[in-house]
$ cat protein-v9.cif   # mmCIF, C-alpha atoms
data_start
loop_
_atom_site.label_atom_id
_atom_site.label_comp_id
_atom_site.auth_asym_id
_atom_site.auth_seq_id
_atom_site.Cartn_x
_atom_site.Cartn_y
_atom_site.Cartn_z
CA ASP A 53 -12.79 -3.14 6.14
CA VAL A 54 -9.09 -2.79 6.97
CA SER A 55 -6.71 -5.74 6.67
CA LEU A 56 -2.98 -5.83 7.33
CA ASP A 57 -2.61 -8.37 4.53
CA ARG A 58 -4.32 -6.37 1.76
CA PRO A 59 -3.54 -2.96 0.25
CA LEU A 60 -5.50 -0.04 1.65
CA GLU A 61 -7.65 1.86 -0.81
CA ILE A 62 -7.15 5.62 -0.54
CA GLN A 63 -9.68 8.16 -1.77
CA PHE A 64 -9.48 11.77 -0.63
CA ALA A 65 -11.11 14.83 -2.13
CA THR A 66 -11.25 18.47 -1.09
CA ARG A 67 -11.08 21.92 -2.64
CA LEU A 68 -8.22 24.41 -2.63
CA ASN A 69 -9.23 28.01 -3.31
CA GLY A 70 -12.40 26.61 -4.79
CA GLN A 71 -10.44 24.27 -7.08
CA PRO A 72 -10.59 20.44 -6.82
CA LEU A 73 -7.83 18.47 -5.13
CA ASN A 74 -8.00 14.66 -5.27
CA LEU A 75 -5.73 11.89 -4.00
CA GLU A 76 -6.43 8.24 -4.71
CA GLY A 77 -4.57 4.96 -4.95
CA THR A 78 -3.36 2.09 -2.82
CA LEU A 79 -1.01 1.74 0.15
CA GLY A 80 0.34 -1.52 1.49
CA PRO A 81 -0.30 -4.16 2.52
CA LEU A 82 1.01 -2.97 5.88
CA GLY A 83 2.20 -6.45 6.85
CA ASN A 84 1.56 -8.45 10.00
CA PRO A 85 3.05 -7.14 12.17
CA PRO A 86 3.09 -3.68 10.51
CA ALA A 87 6.36 -2.63 8.81
CA SER A 88 7.51 -6.27 8.65
CA GLN A 89 7.66 -6.08 4.84
CA PRO A 90 8.21 -3.38 2.19
CA LEU A 91 5.30 -0.93 2.11
CA ALA A 92 4.18 -0.49 -1.49
CA PHE A 93 2.28 2.56 -2.69
CA ASP A 94 0.64 3.70 -5.89
CA LEU A 95 -0.84 7.19 -5.58
CA ALA A 96 -2.32 9.67 -8.03
CA LEU A 97 -2.71 13.35 -7.18
CA ALA A 98 -4.91 15.61 -9.30
CA ALA A 99 -5.11 19.30 -8.47
CA LEU A 100 -6.64 22.45 -9.90
CA GLU A 101 -7.84 20.59 -13.01
CA GLU A 102 -4.31 21.17 -14.31
CA LEU A 103 -1.76 19.23 -12.27
CA ASN A 104 -1.52 15.41 -12.31
CA VAL A 105 1.18 13.55 -10.37
CA GLN A 106 1.72 9.79 -10.19
CA LEU A 107 3.82 8.31 -7.34
CA THR A 108 4.70 4.61 -7.27
CA GLY A 109 7.23 2.65 -5.26
CA ASP A 110 7.84 1.17 -1.86
CA ALA A 111 9.33 2.00 1.51
CA ARG A 112 11.23 -0.60 3.54
CA ASP A 113 13.03 -1.16 6.83
CA LEU A 114 10.89 1.56 8.38
CA GLN A 115 11.84 0.61 11.95
CA THR A 116 15.59 0.23 11.43
CA GLN A 117 17.13 1.89 8.35
CA PRO A 118 14.28 3.54 6.41
CA ALA A 119 14.74 3.52 2.64
CA VAL A 120 12.52 4.25 -0.32
CA ASN A 121 12.23 3.53 -4.03
CA LEU A 122 10.05 6.07 -5.80
CA SER A 123 8.99 6.76 -9.36
CA VAL A 124 7.61 10.24 -10.03
CA ASN A 125 5.65 11.21 -13.10
CA VAL A 126 4.29 14.73 -13.44
CA ALA A 127 2.18 15.06 -16.56
CA ALA A 128 2.63 18.15 -18.71
CA PHE A 129 1.01 21.21 -17.13
CA SER A 130 1.13 24.99 -17.34
CA PRO A 131 2.63 26.79 -14.32
CA ARG A 132 0.96 29.97 -15.54
CA GLN A 133 -2.41 28.21 -15.53
CA VAL A 134 -1.81 26.90 -12.01
CA PHE A 135 -1.30 30.43 -10.66
CA GLU A 136 -4.30 31.65 -12.60
CA ARG A 137 -6.52 28.97 -11.04
CA LEU A 138 -5.20 29.94 -7.61
CA GLY A 139 -6.15 33.54 -8.32
CA ARG A 140 -2.59 34.77 -7.94
CA PRO A 141 -0.34 36.71 -10.33
CA PHE A 142 2.43 34.74 -11.97
CA PRO A 143 5.68 35.67 -10.17
CA LEU A 144 7.93 35.62 -13.24
CA GLN A 145 7.69 38.20 -16.01
CA THR A 146 9.60 36.86 -19.01
CA ASN A 147 10.38 38.39 -22.39
CA ASP A 148 8.20 35.76 -24.02
CA PRO A 149 4.78 35.41 -22.34
CA GLU A 150 4.38 32.04 -24.06
CA THR A 151 7.10 30.47 -21.90
CA LEU A 152 6.39 28.29 -18.85
CA LYS A 153 3.19 26.97 -20.36
CA ALA A 154 4.35 23.36 -20.67
CA VAL A 155 6.36 21.63 -17.94
CA ALA A 156 6.60 17.89 -17.29
CA LEU A 157 8.83 15.70 -15.13
CA GLN A 158 9.63 12.08 -14.57
CA ALA A 159 12.37 10.43 -12.51
CA ARG A 160 13.30 7.51 -10.27
CA LEU A 161 14.47 8.22 -6.72
CA SER A 162 16.05 5.78 -4.30
CA GLY A 163 17.84 6.12 -1.02
CA GLY A 164 17.65 6.32 2.72
CA MET A 165 19.38 7.80 5.73
CA THR A 166 22.82 7.86 4.12
CA GLY A 167 22.07 9.16 0.64
CA ILE A 168 19.65 9.72 -2.22
CA LYS A 169 19.94 9.01 -5.94
CA VAL A 170 17.91 10.47 -8.78
CA GLU A 171 18.08 8.41 -11.97
CA ASP A 172 16.48 8.50 -15.41
CA GLY A 173 15.39 12.09 -14.83
CA GLN A 174 13.64 13.73 -17.74
CA MET A 175 12.08 17.18 -17.78
CA GLN A 176 10.18 19.12 -20.41
CA LEU A 177 10.51 22.90 -20.29
CA ASP A 178 8.33 24.26 -23.08
CA GLN A 179 10.18 23.13 -26.24
CA SER A 180 13.32 22.03 -24.37
CA ARG A 181 14.13 18.56 -23.06
CA ILE A 182 16.40 18.10 -20.05
CA ASP A 183 17.86 14.70 -19.11
CA PHE A 184 19.39 14.62 -15.65
CA SER A 185 20.66 12.51 -12.77
CA ALA A 186 21.84 13.38 -9.28
CA ALA A 187 23.14 11.87 -6.07
CA VAL A 188 23.46 13.25 -2.56
CA ALA A 189 25.54 11.51 0.10
CA GLU A 190 26.80 12.23 3.61
CA PHE A 191 24.09 14.66 4.68
CA ASP A 192 26.19 16.09 7.55
CA LYS A 193 28.84 17.22 5.02
CA PRO A 194 26.90 16.91 1.78
CA ARG A 195 28.50 15.58 -1.38
CA ILE A 196 26.36 16.35 -4.42
CA ASP A 197 26.83 14.93 -7.90
CA PHE A 198 24.68 16.35 -10.67
CA GLU A 199 24.65 15.82 -14.42
CA ALA A 200 22.26 17.29 -16.98
CA ARG A 201 21.92 17.59 -20.74
CA ILE A 202 19.66 20.09 -22.50
CA ASP A 203 18.87 19.58 -26.16
CA ASP A 204 17.95 23.17 -27.10
CA LEU A 205 17.53 26.27 -24.93
CA ASP A 206 16.69 29.87 -25.83
CA ILE A 207 17.67 31.87 -22.76
CA ASP A 208 16.44 35.13 -24.27
CA ARG A 209 12.84 33.94 -23.97
CA TYR A 210 13.23 33.49 -20.19
CA ARG A 211 15.01 36.75 -19.41
CA PRO A 212 13.06 39.17 -17.20
CA ALA A 213 10.82 41.48 -19.17
CA ALA A 214 12.15 45.03 -19.46
CA ALA A 215 11.03 47.10 -16.48
CA GLU A 216 9.38 50.46 -16.94
CA PRO A 217 11.75 53.37 -16.16
CA ASP A 218 11.32 55.00 -12.78
CA THR A 219 9.75 58.45 -12.67
CA PRO A 220 12.50 60.97 -11.82
CA ALA A 221 12.15 62.57 -8.40
CA LYS A 222 11.49 66.31 -8.23
CA THR A 223 14.50 68.56 -7.72
CA GLY A 224 15.26 69.06 -4.06
CA GLU A 225 13.14 66.09 -2.95
CA PRO A 226 15.12 62.97 -2.09
CA SER A 227 13.74 59.75 -3.46
CA PRO A 228 12.24 57.34 -0.92
CA SER A 229 15.16 54.94 -1.44
CA ALA A 230 17.67 57.73 -0.80
CA ALA A 231 15.83 59.02 2.25
CA LYS A 232 15.65 55.61 3.88
CA LYS A 233 18.79 54.58 5.68
CA PRO A 234 19.75 51.05 4.67
CA ASP A 235 19.80 48.41 7.37
CA SER A 236 23.16 47.08 8.44
CA PRO A 237 23.89 43.84 6.59
CA LYS A 238 23.67 40.71 8.71
CA ALA A 239 26.62 38.37 8.88
CA ILE A 240 26.16 35.30 6.68
CA ASP A 241 27.09 31.89 8.04
CA TYR A 242 29.07 30.16 5.30
CA GLY A 243 29.83 27.13 7.48
CA PRO A 244 27.48 24.70 5.68
CA LEU A 245 28.84 25.77 2.28
CA ARG A 246 32.41 25.15 3.37
CA ARG A 247 31.48 21.53 4.08
CA LEU A 248 29.61 21.16 0.77
CA VAL A 249 31.22 19.26 -2.10
CA VAL A 250 29.57 19.64 -5.51
CA ASP A 251 30.44 17.93 -8.78
CA ALA A 252 28.14 19.32 -11.50
CA ARG A 253 28.25 18.75 -15.24
CA LEU A 254 25.96 20.47 -17.73
CA LYS A 255 25.85 20.02 -21.50
CA VAL A 256 23.69 22.12 -23.83
CA ASP A 257 23.47 20.91 -27.43
CA LYS A 258 22.02 24.16 -28.79
CA LEU A 259 22.00 27.47 -26.93
CA LYS A 260 20.70 30.92 -27.83
CA VAL A 261 21.65 33.93 -25.71
CA ASN A 262 21.70 37.64 -26.58
CA GLN A 263 20.30 36.76 -30.01
CA ALA A 264 23.39 34.64 -30.74
CA ARG A 265 23.45 30.90 -31.34
CA LEU A 266 26.24 29.04 -29.55
#
$ encode --input "protein-v9.cif" --output "structure tokens"
Amino acid sequence: DVSLDRPLEIQFATRLNGQPLNLEGTLGPLGNPPASQPLAFDLALAALEELNVQLTGDARDLQTQPAVNLSVNVAAFSPRQVFERLGRPFPLQTNDPETLKAVALQARLSGGMTGIKVEDGQMQLDQSRIDFSAAVAEFDKPRIDFEARIDDLDIDRYRPAAAEPDTPAKTGEPSPSAAKKPDSPKAIDYGPLRRLVVDARLKVDKLKVNQARL
């Protein structure tokens, strides 16, 4: 029973690599005629029995100047556990294997064809809290403003784990890297970067790096 004057109920369920993936919530009402009023949505995504995301907001002026207001809330989850449930190795090897086990995010986004703002951003990274905001304007020659504050960060925990030393090649036998002729480097187009304007500010209340507190 679909009505343009009532919100649509959404329920979707499938499996990803044998793990559950569910999307449910409401969308609309669509309006009569459709897109004649702001399109509200309230959606909840649950994946892998680990990841839970809540999206609420509305989209408006879809036929003229599309714009959106969006609140995002990602409940605390473990990136390591996500990769484990997908049956894939975790791509980052850090000094502390207990890192990246608790990440959460919430923020408000608003904007349209001319720019986007991120406000009231808050992120949990293990035992660290990050408050942030951002704005992007003039997409053809982007102007980016970004501001963040971290309460306490131990960089040493996130450094790459020490790699095992390579086995020395036998005398008279060139190593595979030495025997292979490197490809000629391709020219990099820096045009988009030349048009990019960035204003970034970062404050860290407490910082530990190379075993030293700053």
$ resolve_selection --input "protein-v9.cif" --expression "the PyMOL selection byres ((chain A and resi 169) around 6)" --output "count of residues only"
6
$ resolve_selection --input "protein-v9.cif" --expression "the PyMOL selection byres ((chain A and resi 77) around 12)" --output "list in words"
Pro59, Leu60, Glu61, Ile62, Gln63, Phe64, Asn74, Leu75, Glu76, Thr78, Leu79, Gly80, Ala92, Phe93, Asp94, Leu95, Ala96, Leu97, Ala98, Val105, Gln106, Leu107 and Thr108 of chain A
$ write_last_selection --input "protein-v9.cif" --atoms "C-alpha atoms" --output "PDB file, in the coordinates of the input"
ATOM      1  CA  PRO A  59      -3.540  -2.960   0.250  1.00  0.00           C
ATOM      2  CA  LEU A  60      -5.500  -0.040   1.650  1.00  0.00           C
ATOM      3  CA  GLU A  61      -7.650   1.860  -0.810  1.00  0.00           C
ATOM      4  CA  ILE A  62      -7.150   5.620  -0.540  1.00  0.00           C
ATOM      5  CA  GLN A  63      -9.680   8.160  -1.770  1.00  0.00           C
ATOM      6  CA  PHE A  64      -9.480  11.770  -0.630  1.00  0.00           C
ATOM      7  CA  ASN A  74      -8.000  14.660  -5.270  1.00  0.00           C
ATOM      8  CA  LEU A  75      -5.730  11.890  -4.000  1.00  0.00           C
ATOM      9  CA  GLU A  76      -6.430   8.240  -4.710  1.00  0.00           C
ATOM     10  CA  THR A  78      -3.360   2.090  -2.820  1.00  0.00           C
ATOM     11  CA  LEU A  79      -1.010   1.740   0.150  1.00  0.00           C
ATOM     12  CA  GLY A  80       0.340  -1.520   1.490  1.00  0.00           C
ATOM     13  CA  ALA A  92       4.180  -0.490  -1.490  1.00  0.00           C
ATOM     14  CA  PHE A  93       2.280   2.560  -2.690  1.00  0.00           C
ATOM     15  CA  ASP A  94       0.640   3.700  -5.890  1.00  0.00           C
ATOM     16  CA  LEU A  95      -0.840   7.190  -5.580  1.00  0.00           C
ATOM     17  CA  ALA A  96      -2.320   9.670  -8.030  1.00  0.00           C
ATOM     18  CA  LEU A  97      -2.710  13.350  -7.180  1.00  0.00           C
ATOM     19  CA  ALA A  98      -4.910  15.610  -9.300  1.00  0.00           C
ATOM     20  CA  VAL A 105       1.180  13.550 -10.370  1.00  0.00           C
ATOM     21  CA  GLN A 106       1.720   9.790 -10.190  1.00  0.00           C
ATOM     22  CA  LEU A 107       3.820   8.310  -7.340  1.00  0.00           C
ATOM     23  CA  THR A 108       4.700   4.610  -7.270  1.00  0.00           C
TER      24      THR A 108
END
$ resolve_selection --input "protein-v9.cif" --expression "the PyMOL selection byres ((chain A and resi 173) around 8)" --output "short mmCIF file (atom, residue, chain, number, x, y, z; two decimals) with C-alpha atoms, in the coordinates of the input"
data_model
loop_
_atom_site.label_atom_id
_atom_site.label_comp_id
_atom_site.auth_asym_id
_atom_site.auth_seq_id
_atom_site.Cartn_x
_atom_site.Cartn_y
_atom_site.Cartn_z
CA LEU A 157 8.83 15.70 -15.13
CA GLN A 158 9.63 12.08 -14.57
CA ALA A 159 12.37 10.43 -12.51
CA ARG A 160 13.30 7.51 -10.27
CA VAL A 170 17.91 10.47 -8.78
CA GLU A 171 18.08 8.41 -11.97
CA ASP A 172 16.48 8.50 -15.41
CA GLN A 174 13.64 13.73 -17.74
CA MET A 175 12.08 17.18 -17.78
CA ASP A 183 17.86 14.70 -19.11
CA PHE A 184 19.39 14.62 -15.65
CA SER A 185 20.66 12.51 -12.77
#
$ atom_distance --input "protein-v9.cif" --atom1 "atom CA of A:Ala154" --atom2 "atom CA of A:Asp178"
4.7 Å
$ residues_around --input "protein-v9.cif" --residues "A:Pro131" --least-positions-apart "2" --cutoff "8 Å" --atoms "only C-alpha atoms" --output "JSON, numbers by chain"
{"A": [129, 133, 134, 135, 152, 153, 154, 155]}
$ closest_residue --input "protein-v9.cif" --among "A:Thr146, A:Asn104, A:Gln176, A:Thr66" --to "A:Asn125" --atoms "only C-alpha atoms"
A:Asn104
$ residues_around --input "protein-v9.cif" --residues "A:Asp251" --least-positions-apart "4" --cutoff "9 Å" --atoms "all atoms listed in the file" --output "JSON, numbers by chain"
{"A": [195, 196, 197, 198, 199]}
$ residues_around --input "protein-v9.cif" --residues "A:Ile207" --least-positions-apart "4" --cutoff "12 Å" --atoms "all atoms listed in the file" --output "mmCIF file with C-alpha atoms, keeping the file's coordinate frame"
data_model
loop_
_atom_site.group_PDB
_atom_site.id
_atom_site.type_symbol
_atom_site.label_atom_id
_atom_site.label_comp_id
_atom_site.auth_asym_id
_atom_site.auth_seq_id
_atom_site.Cartn_x
_atom_site.Cartn_y
_atom_site.Cartn_z
ATOM 1 C CA THR A 146 9.600 36.860 -19.010
ATOM 2 C CA ASN A 147 10.380 38.390 -22.390
ATOM 3 C CA ASP A 148 8.200 35.760 -24.020
ATOM 4 C CA THR A 151 7.100 30.470 -21.900
ATOM 5 C CA LEU A 177 10.510 22.900 -20.290
ATOM 6 C CA SER A 180 13.320 22.030 -24.370
ATOM 7 C CA ILE A 202 19.660 20.090 -22.500
ATOM 8 C CA ARG A 211 15.010 36.750 -19.410
ATOM 9 C CA PRO A 212 13.060 39.170 -17.200
ATOM 10 C CA VAL A 256 23.690 22.120 -23.830
ATOM 11 C CA LYS A 258 22.020 24.160 -28.790
ATOM 12 C CA LEU A 259 22.000 27.470 -26.930
ATOM 13 C CA LYS A 260 20.700 30.920 -27.830
ATOM 14 C CA VAL A 261 21.650 33.930 -25.710
ATOM 15 C CA ASN A 262 21.700 37.640 -26.580
ATOM 16 C CA GLN A 263 20.300 36.760 -30.010
ATOM 17 C CA ALA A 264 23.390 34.640 -30.740
ATOM 18 C CA ARG A 265 23.450 30.900 -31.340
ATOM 19 C CA LEU A 266 26.240 29.040 -29.550
#
$ closest_residue --input "protein-v9.cif" --among "A:Leu114, A:Leu254, A:Ala119, A:Ala65" --to "A:Thr166" --atoms "all atoms listed in the file"
A:Ala119
$ residues_around --input "protein-v9.cif" --residues "A:Asp57" --least-positions-apart "6" --cutoff "9 Å" --atoms "all atoms listed in the file" --output "list in words"
Gly80, Pro81, Leu82, Gly83 and Asn84 of chain A
$ write_last_selection --input "protein-v9.cif" --atoms "C-alpha atoms" --output "PDB file, keeping the file's coordinate frame"
ATOM      1  CA  GLY A  80       0.340  -1.520   1.490  1.00  0.00           C
ATOM      2  CA  PRO A  81      -0.300  -4.160   2.520  1.00  0.00           C
ATOM      3  CA  LEU A  82       1.010  -2.970   5.880  1.00  0.00           C
ATOM      4  CA  GLY A  83       2.200  -6.450   6.850  1.00  0.00           C
ATOM      5  CA  ASN A  84       1.560  -8.450  10.000  1.00  0.00           C
TER       6      ASN A  84
END
$ closest_residue --input "protein-v9.cif" --among "A:Ala128, A:Met165, A:Ile240, A:Leu248" --to "A:Glu102" --atoms "all atoms listed in the file"
A:Ala128
$ atom_distance --input "protein-v9.cif" --atom1 "atom CA of A:Leu144" --atom2 "atom CA of A:Gly70"
23.8 Å
$ atom_distance --input "protein-v9.cif" --atom1 "atom CA of A:Asp203" --atom2 "atom CA of A:Ile182"
6.8 Å
$ closest_residue --input "protein-v9.cif" --among "A:Gln115, A:Gly109, A:Leu100, A:Ala127" --to "A:Pro85" --atoms "all atoms listed in the file"
A:Gln115
$ closest_residue --input "protein-v9.cif" --among "A:Lys238, A:Phe142, A:Ala156, A:Lys255" --to "A:Asp204" --atoms "all atoms listed in the file"
A:Lys255
$ residues_near_point --input "protein-v9.cif" --point "(12.3, -3.0, -4.1)" --cutoff "8 Å" --atoms "all atoms listed in the file" --output "mmCIF file with C-alpha atoms, in the coordinates of the input"
data_model
loop_
_atom_site.group_PDB
_atom_site.id
_atom_site.type_symbol
_atom_site.label_atom_id
_atom_site.label_comp_id
_atom_site.auth_asym_id
_atom_site.auth_seq_id
_atom_site.Cartn_x
_atom_site.Cartn_y
_atom_site.Cartn_z
ATOM 1 C CA PRO A 90 8.210 -3.380 2.190
ATOM 2 C CA GLY A 109 7.230 2.650 -5.260
ATOM 3 C CA ASP A 110 7.840 1.170 -1.860
ATOM 4 C CA ASN A 121 12.230 3.530 -4.030
#
$ closest_residue --input "protein-v9.cif" --among "A:Arg201, A:Arg209, A:Arg181, A:Arg137" --to "A:Gln71" --atoms "all atoms listed in the file"
A:Arg137
$ decode --input "protein-v9.cif" --residues "stretch 94-140 of chain A" --atoms "C-alpha atoms" --output "short mmCIF file (atom, residue, chain, number, x, y, z; two decimals), in the first residue's frame"
data_model
loop_
_atom_site.label_atom_id
_atom_site.label_comp_id
_atom_site.auth_asym_id
_atom_site.auth_seq_id
_atom_site.Cartn_x
_atom_site.Cartn_y
_atom_site.Cartn_z
CA ASP A 94 15.14 8.06 8.82
CA LEU A 95 17.25 5.00 8.01
CA ALA A 96 19.15 2.47 10.09
CA LEU A 97 21.85 0.25 8.58
CA ALA A 98 23.13 -2.79 10.46
CA ALA A 99 25.93 -4.86 8.96
CA LEU A 100 28.13 -7.78 9.92
CA GLU A 101 26.68 -7.85 13.45
CA GLU A 102 29.21 -5.12 14.19
CA LEU A 103 28.40 -1.93 12.29
CA ASN A 104 25.33 0.23 13.04
CA VAL A 105 24.68 3.49 11.19
CA GLN A 106 21.75 5.88 11.69
CA LEU A 107 20.91 8.44 8.96
CA THR A 108 18.23 11.08 9.51
CA GLY A 109 17.40 14.26 7.64
CA ASP A 110 15.69 15.54 4.54
CA ALA A 111 16.36 16.39 0.92
CA ARG A 112 14.67 19.35 -0.76
CA ASP A 113 14.35 21.19 -4.07
CA LEU A 114 15.21 17.95 -5.87
CA GLN A 115 14.08 19.25 -9.26
CA THR A 116 15.75 22.67 -9.12
CA GLN A 117 18.60 23.15 -6.62
CA PRO A 118 19.00 19.85 -4.72
CA ALA A 119 20.06 20.27 -1.10
CA VAL A 120 20.25 17.98 1.90
CA ASN A 121 20.34 18.10 5.69
CA LEU A 122 21.78 14.94 7.17
CA SER A 123 22.64 13.68 10.63
CA VAL A 124 25.02 10.71 10.76
CA ASN A 125 25.56 8.53 13.80
CA VAL A 126 27.91 5.57 13.59
CA ALA A 127 27.84 3.59 16.82
CA ALA A 128 31.14 2.40 18.25
CA PHE A 129 32.53 -0.56 16.31
CA SER A 130 35.81 -2.39 15.77
CA PRO A 131 37.38 -2.02 12.30
CA ARG A 132 39.49 -5.08 13.06
CA GLN A 133 36.33 -7.07 13.79
CA VAL A 134 34.74 -5.89 10.54
CA PHE A 135 37.64 -7.26 8.48
CA GLU A 136 37.61 -10.46 10.49
CA ARG A 137 33.91 -11.00 9.75
CA LEU A 138 34.59 -10.37 6.06
CA GLY A 139 37.30 -13.02 6.17
CA ARG A 140 40.01 -10.59 5.14
#
